[in-house]
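Shown next: start.pdb, given as PDB, C-alpha atoms.
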```pdb
ATOM      1  CA  MET A   1      11.115  -8.046   4.650
ATOM      2  CA  ILE A   2       7.996  -8.784   6.622
ATOM      3  CA  GLN A   3       8.008 -11.793   8.886
ATOM      4  CA  VAL A   4       4.730 -13.608   9.152
ATOM      5  CA  GLN A   5       4.364 -16.251  11.804
ATOM      6  CA  TYR A   6       2.177 -19.276  11.318
ATOM      7  CA  LEU A   7       1.016 -21.347  14.283
ATOM      8  CA  TYR A   8       0.331 -25.001  13.698
ATOM      9  CA  MET A   9      -1.557 -27.201  16.140
ATOM     10  CA  CYS A  10      -0.530 -30.832  16.203
ATOM     11  CA  GLN A  11      -2.854 -33.223  17.990
ATOM     12  CA  GLY A  12      -1.602 -36.288  19.816
ATOM     13  CA  LEU A  13       2.113 -35.480  19.733
ATOM     14  CA  ALA A  14       4.289 -35.908  22.754
ATOM     15  CA  ALA A  15       5.829 -32.788  24.251
ATOM     16  CA  ALA A  16       9.457 -33.171  25.300
ATOM     17  CA  ASP A  17      11.388 -31.408  28.029
ATOM     18  CA  ASN A  18      14.863 -29.930  27.529
ATOM     19  CA  HIS A  19      16.442 -33.377  27.919
ATOM     20  CA  GLY A  20      14.373 -34.984  25.164
ATOM     21  CA  LYS A  21      12.235 -37.049  27.555
ATOM     22  CA  HIS A  22       8.538 -37.241  26.780
ATOM     23  CA  GLN A  23       6.480 -35.659  29.519
ATOM     24  CA  ARG A  24       2.892 -35.913  28.261
ATOM     25  CA  LYS A  25       0.727 -36.452  25.242
ATOM     26  CA  GLY A  26      -1.597 -33.752  24.052
ATOM     27  CA  THR A  27      -1.626 -30.670  21.881
ATOM     28  CA  VAL A  28       1.725 -29.202  20.967
ATOM     29  CA  LYS A  29       2.094 -25.766  19.437
ATOM     30  CA  MET A  30       4.826 -25.545  16.836
ATOM     31  CA  GLU A  31       5.823 -22.160  15.485
ATOM     32  CA  THR A  32       7.504 -21.602  12.129
ATOM     33  CA  GLN A  33       8.421 -18.398  10.348
ATOM     34  CA  THR A  34       8.069 -17.617   6.691
ATOM     35  CA  GLN A  35       9.716 -14.678   4.951
ATOM     36  CA  ILE A  36       7.491 -12.674   2.627
ATOM     37  CA  GLU A  37       8.933 -10.081   0.298
ATOM     38  CA  THR A  38       7.574  -6.588   0.797
ATOM     39  CA  ARG A  39       6.482  -5.113  -2.520
ATOM     40  CA  ASP A  40       8.624  -2.153  -3.539
ATOM     41  CA  PRO A  41       6.764   0.744  -5.200
ATOM     42  CA  ARG A  42       9.949   1.612  -7.124
ATOM     43  CA  SER A  43       9.678  -1.677  -9.004
ATOM     44  CA  PHE A  44       6.437  -0.512 -10.649
ATOM     45  CA  VAL A  45       7.859   2.562 -12.399
ATOM     46  CA  ALA A  46      10.978   3.106 -14.473
ATOM     47  CA  PRO A  47      13.813   4.867 -12.613
ATOM     48  CA  GLU A  48      13.534   7.932 -14.854
ATOM     49  CA  VAL A  49       9.779   8.175 -14.183
ATOM     50  CA  TRP A  50      10.378   7.846 -10.429
ATOM     51  CA  ALA A  51      12.979  10.626 -10.585
ATOM     52  CA  LYS A  52      10.691  12.874 -12.614
ATOM     53  CA  GLU A  53       7.667  12.485 -10.316
ATOM     54  CA  VAL A  54       9.798  13.061  -7.212
ATOM     55  CA  THR A  55      11.295  16.177  -8.815
ATOM     56  CA  LEU A  56       7.823  17.457  -9.715
ATOM     57  CA  LEU A  57       6.694  16.963  -6.111
ATOM     58  CA  MET A  58       9.709  18.969  -4.889
ATOM     59  CA  ARG A  59       8.974  21.685  -7.451
ATOM     60  CA  ASP A  60       5.287  22.015  -6.570
ATOM     61  CA  TYR A  61       5.266  21.394  -2.806
ATOM     62  CA  PRO A  62       7.570  22.222   0.105
ATOM     63  CA  PHE A  63       9.083  18.708   0.068
ATOM     64  CA  ASP A  64      12.706  17.730   0.283
ATOM     65  CA  LEU A  65      13.930  14.623  -1.568
ATOM     66  CA  ILE A  66      13.131  12.270   1.318
ATOM     67  CA  MET A  67       9.557  13.516   1.756
ATOM     68  CA  ALA A  68       8.880  13.554  -1.995
ATOM     69  CA  GLU A  69      10.052   9.940  -2.299
ATOM     70  CA  ARG A  70       7.905   8.893   0.673
ATOM     71  CA  VAL A  71       4.808  10.549  -0.799
ATOM     72  CA  PHE A  72       5.342   9.182  -4.305
ATOM     73  CA  GLY A  73       6.114   5.686  -3.007
ATOM     74  CA  GLN A  74       2.845   5.611  -1.078
ATOM     75  CA  ALA A  75       1.001   6.981  -4.109
ATOM     76  CA  VAL A  76       2.329   4.138  -6.272
ATOM     77  CA  ALA A  77       1.473   1.546  -3.594
ATOM     78  CA  TYR A  78      -2.038   2.993  -3.438
ATOM     79  CA  LEU A  79      -2.509   3.027  -7.222
ATOM     80  CA  ILE A  80      -1.253  -0.542  -7.704
ATOM     81  CA  THR A  81      -3.500  -1.752  -4.888
ATOM     82  CA  ALA A  82      -6.480   0.156  -6.313
ATOM     83  CA  MET A  83      -5.870  -1.478  -9.690
ATOM     84  CA  GLU A  84      -5.508  -4.952  -8.219
ATOM     85  CA  MET A  85      -8.571  -4.573  -5.972
ATOM     86  CA  ARG A  86     -10.712  -2.965  -8.654
ATOM     87  CA  GLY A  87     -14.337  -4.047  -8.728
ATOM     88  CA  ARG A  88     -14.461  -5.179  -5.090
ATOM     89  CA  GLY A  89     -16.289  -2.107  -3.782
ATOM     90  CA  LEU A  90     -13.710  -1.430  -1.051
ATOM     91  CA  GLY A  91     -14.172   2.355  -1.035
ATOM     92  CA  MET A  92     -10.437   2.977  -1.234
ATOM     93  CA  GLY A  93      -8.836   6.386  -1.481
ATOM     94  CA  PRO A  94      -5.801   8.244  -0.174
ATOM     95  CA  GLY A  95      -5.700  11.090   2.282
ATOM     96  CA  GLU A  96      -4.712  14.581   1.218
ATOM     97  CA  LEU A  97      -0.958  14.118   1.634
ATOM     98  CA  VAL A  98      -0.624  10.872  -0.354
ATOM     99  CA  ASP A  99      -3.109  12.260  -2.893
ATOM    100  CA  LEU A 100      -0.542  14.934  -3.794
ATOM    101  CA  GLY A 101       1.671  12.144  -5.135
ATOM    102  CA  VAL A 102      -1.246  10.571  -6.988
ATOM    103  CA  HIS A 103      -2.223  13.885  -8.606
ATOM    104  CA  THR A 104       1.348  14.661  -9.583
ATOM    105  CA  PHE A 105       1.506  11.318 -11.398
ATOM    106  CA  ILE A 106      -1.913  11.742 -13.042
ATOM    107  CA  LEU A 107      -0.921  15.173 -14.370
ATOM    108  CA  ASP A 108       2.083  13.603 -16.106
ATOM    109  CA  THR A 109      -0.441  12.010 -18.443
ATOM    110  CA  ALA A 110       1.896  10.107 -20.773
ATOM    111  CA  ASN A 111       3.676   8.342 -17.915
ATOM    112  CA  TYR A 112       0.451   7.758 -15.974
ATOM    113  CA  ARG A 113      -1.309   6.339 -19.060
ATOM    114  CA  GLU A 114       1.628   3.956 -19.680
ATOM    115  CA  PHE A 115       1.649   2.930 -15.996
ATOM    116  CA  CYS A 116      -2.083   2.146 -16.123
ATOM    117  CA  ALA A 117      -1.778   0.254 -19.404
ATOM    118  CA  THR A 118       1.052  -1.850 -17.970
ATOM    119  CA  TYR A 119      -0.680  -2.807 -14.727
ATOM    120  CA  MET A 120      -4.290  -2.908 -15.961
ATOM    121  CA  ASN A 121      -3.792  -4.975 -19.114
ATOM    122  CA  GLY A 122      -4.201  -1.958 -21.362
ATOM    123  CA  GLY A 123      -6.864  -0.324 -19.154
ATOM    124  CA  PHE A 124      -6.919   3.008 -17.374
ATOM    125  CA  LEU A 125      -7.660   3.870 -13.739
ATOM    126  CA  ASP A 126      -9.940   6.888 -13.884
ATOM    127  CA  HIS A 127      -9.781   9.715 -11.381
ATOM    128  CA  ILE A 128     -13.297  10.461 -10.055
ATOM    129  CA  PRO A 129     -13.016  12.959  -7.180
ATOM    130  CA  GLU A 130     -15.773  14.031  -4.824
ATOM    131  CA  VAL A 131     -16.077  17.624  -3.644
ATOM    132  CA  GLU A 132     -16.926  16.930   0.000
ATOM    133  CA  ARG A 133     -14.971  14.950   2.572
ATOM    134  CA  LYS A 134     -16.484  13.226   5.554
ATOM    135  CA  GLY A 135     -15.022  11.552   8.634
ATOM    136  CA  ASP A 136     -15.645   7.876   7.946
ATOM    137  CA  GLY A 137     -12.143   6.468   8.415
ATOM    138  CA  SER A 138     -11.766   5.365   4.799
ATOM    139  CA  VAL A 139      -8.221   6.745   4.595
ATOM    140  CA  PHE A 140      -7.096   4.494   7.462
ATOM    141  CA  LYS A 141      -8.955   1.540   5.925
ATOM    142  CA  THR A 142      -7.190   2.176   2.610
ATOM    143  CA  ALA A 143      -3.778   2.095   4.313
ATOM    144  CA  GLN A 144      -4.688  -1.236   5.904
ATOM    145  CA  ILE A 145      -5.709  -2.649   2.491
ATOM    146  CA  ILE A 146      -2.409  -1.482   0.985
ATOM    147  CA  GLU A 147      -0.482  -3.153   3.805
ATOM    148  CA  ALA A 148      -2.464  -6.379   3.379
ATOM    149  CA  ASN A 149      -1.572  -6.206  -0.328
ATOM    150  CA  GLY A 150       2.126  -6.540   0.563
ATOM    151  CA  PHE A 151       3.333  -2.948   0.615
ATOM    152  CA  SER A 152       4.954  -1.202   3.548
ATOM    153  CA  VAL A 153       2.756   1.610   4.748
ATOM    154  CA  ASP A 154       4.424   4.865   5.767
ATOM    155  CA  TRP A 155       1.962   5.335   8.633
ATOM    156  CA  PRO A 156       2.787   8.982   9.462
ATOM    157  CA  LEU A 157       1.712   9.961   5.934
ATOM    158  CA  TRP A 158      -1.610   8.149   6.328
ATOM    159  CA  GLU A 159      -2.293   8.984   9.981
ATOM    160  CA  LYS A 160      -2.439  12.693   9.160
ATOM    161  CA  ASP A 161      -5.809  12.053   7.480
ATOM    162  CA  ALA A 162      -6.682   8.675   9.023
ATOM    163  CA  MET A 163     -10.171   9.524  10.213
ATOM    164  CA  LYS A 164     -11.076  11.637   7.216
ATOM    165  CA  CYS A 165     -12.737  10.419   4.102
ATOM    166  CA  THR A 166     -10.923  10.269   0.863
ATOM    167  CA  PRO A 167     -12.068  12.692  -1.839
ATOM    168  CA  CYS A 168     -12.438   9.751  -4.218
ATOM    169  CA  ARG A 169     -15.906   8.555  -5.052
ATOM    170  CA  PRO A 170     -16.735   5.401  -3.038
ATOM    171  CA  GLY A 171     -17.871   2.376  -4.966
ATOM    172  CA  GLU A 172     -16.384   3.516  -8.265
ATOM    173  CA  ASP A 173     -13.841   1.494 -10.157
ATOM    174  CA  GLY A 174     -11.455   4.395 -10.232
ATOM    175  CA  HIS A 175      -9.377   6.613  -8.056
TER     176      HIS A 175
END
```
In structure tokens, what does this structure look like?
Amino acid sequence: MIQVQYLYMCQGLAAADNHGKHQRKGTVKMETQTQIETRDPRSFVAPEVWAKEVTLLMRDYPFDLIMAERVFGQAVAYLITAMEMRGRGLGMGPGELVDLGVHTFILDTANYREFCATYMNGGFLDHIPEVERKGDGSVFKTAQIIEANGFSVDWPLWEKDAMKCTPCRPGEDGH
């Protein structure tokens, strides 16, 4: 759960001391807390698909179960955010480590196609890679967008490439 604090300013209210006596009139700051559910990447794929993608990551890369689940979870958070933010020209894209999870999913075409159709109203999130990378900080910016979209960001996975550019083509409506 993420706790978000909201600060309300109330004009003209009397501030009270610990004994309930009014001391002065003026601006009183009142703080309340609201609980916001963190979006769980696992909720966007069927358990058997999650297990398969994690197993493929362990087969193809030197990942144990924990690392494979971290990478795939961030890949799903990235893909869902990319789909939901599509058309806004945000220049999103993952760094090399999270991109391994994205590519593993894309290569499992039947599951990836079904995932896209489910979360894009029948559409498909294209993969449009660039050859060159540049140091523009877009990987870090992408992680911030994902976090603002309600997902927990596994910062060590993103910080590895934070100041690099994603290999994804900026400005495209794809990955």
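Against this structure, the PyMOL selection byres ((chain A and resi 145) around 12) ends up with Ala77, Tyr78, Leu79, Ile80, Thr81, Ala82, Glu84, Met85, Arg88, Leu90, Gly91, Met92, Gly93, Pro94, Ser138, Val139, Phe140, Lys141, Thr142, Ala143, Gln144, Ile146, Glu147, Ala148, Asn149, Gly150, Phe151, Ser152 and Val153 of chain A.
Those residues that approach region 103-105 of chain A to within 8 Å, counting all atoms listed in the file, are Glu53, Leu56, Leu57, Asn111 and Tyr112 of chain A; same-chain residues fewer than 6 positions away are not listed.
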*For the file shown, what are the residues hit by the PyMOL selection byres ((chain A and resi 159) around 10), laid out as a PyMOL selection string?*
chain A and resi 95+97+139-140+143+154-158+160-164
*What is the distance, in Å and to one decimal place, between CA of Glu37 (chain A) and CA of Asp64 (chain A)?*
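It comes out at 28.1 Å.
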*Have a look at CA of Thr55 (chain A) and CA of Leu125 (chain A) and let me know their distance in Å, one decimal.*
23.1 Å
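Residue neighbourhood of Arg42 (chain A), excluding near-sequence residues (fewer than 6 positions): Trp50, Gly73 and Val76 of chain A, at 9 Å, using all atoms listed in the file.
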*Coordinates-based distance that separates CA of Met83 (chain A) from CA of Cys116 (chain A) (Å, one decimal)*: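 Between CA of Cys116 (chain A) and CA of Met83 (chain A) the gap works out to 8.3 Å.
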_Restricting the calculation to all atoms listed in the file: of A:Arg86, A:Ala46, A:Arg59, A:Ala68, which residue gets closest to Thr118 (chain A)?_
A:Ala46
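Considering the residues A:Ala117, A:Ile128, A:Ala110, A:Leu100 and counting only C-alpha atoms, Tyr61 (chain A) has its shortest atom-to-atom contact with A:Leu100.
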*Which is closer to Ala75 (chain A) than all the others in A:Gly123, A:Pro129, A:Gly101, A:Gly137, using only C-alpha atoms?*
A:Gly101
_Calculated over only C-alpha atoms, which of the candidates A:Ile106, A:Asp99, A:Tyr119, A:Met67 has the smallest distance to Ser43 (chain A)?_
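The shortest atom-to-atom distance to Ser43 (chain A) comes from A:Tyr119.
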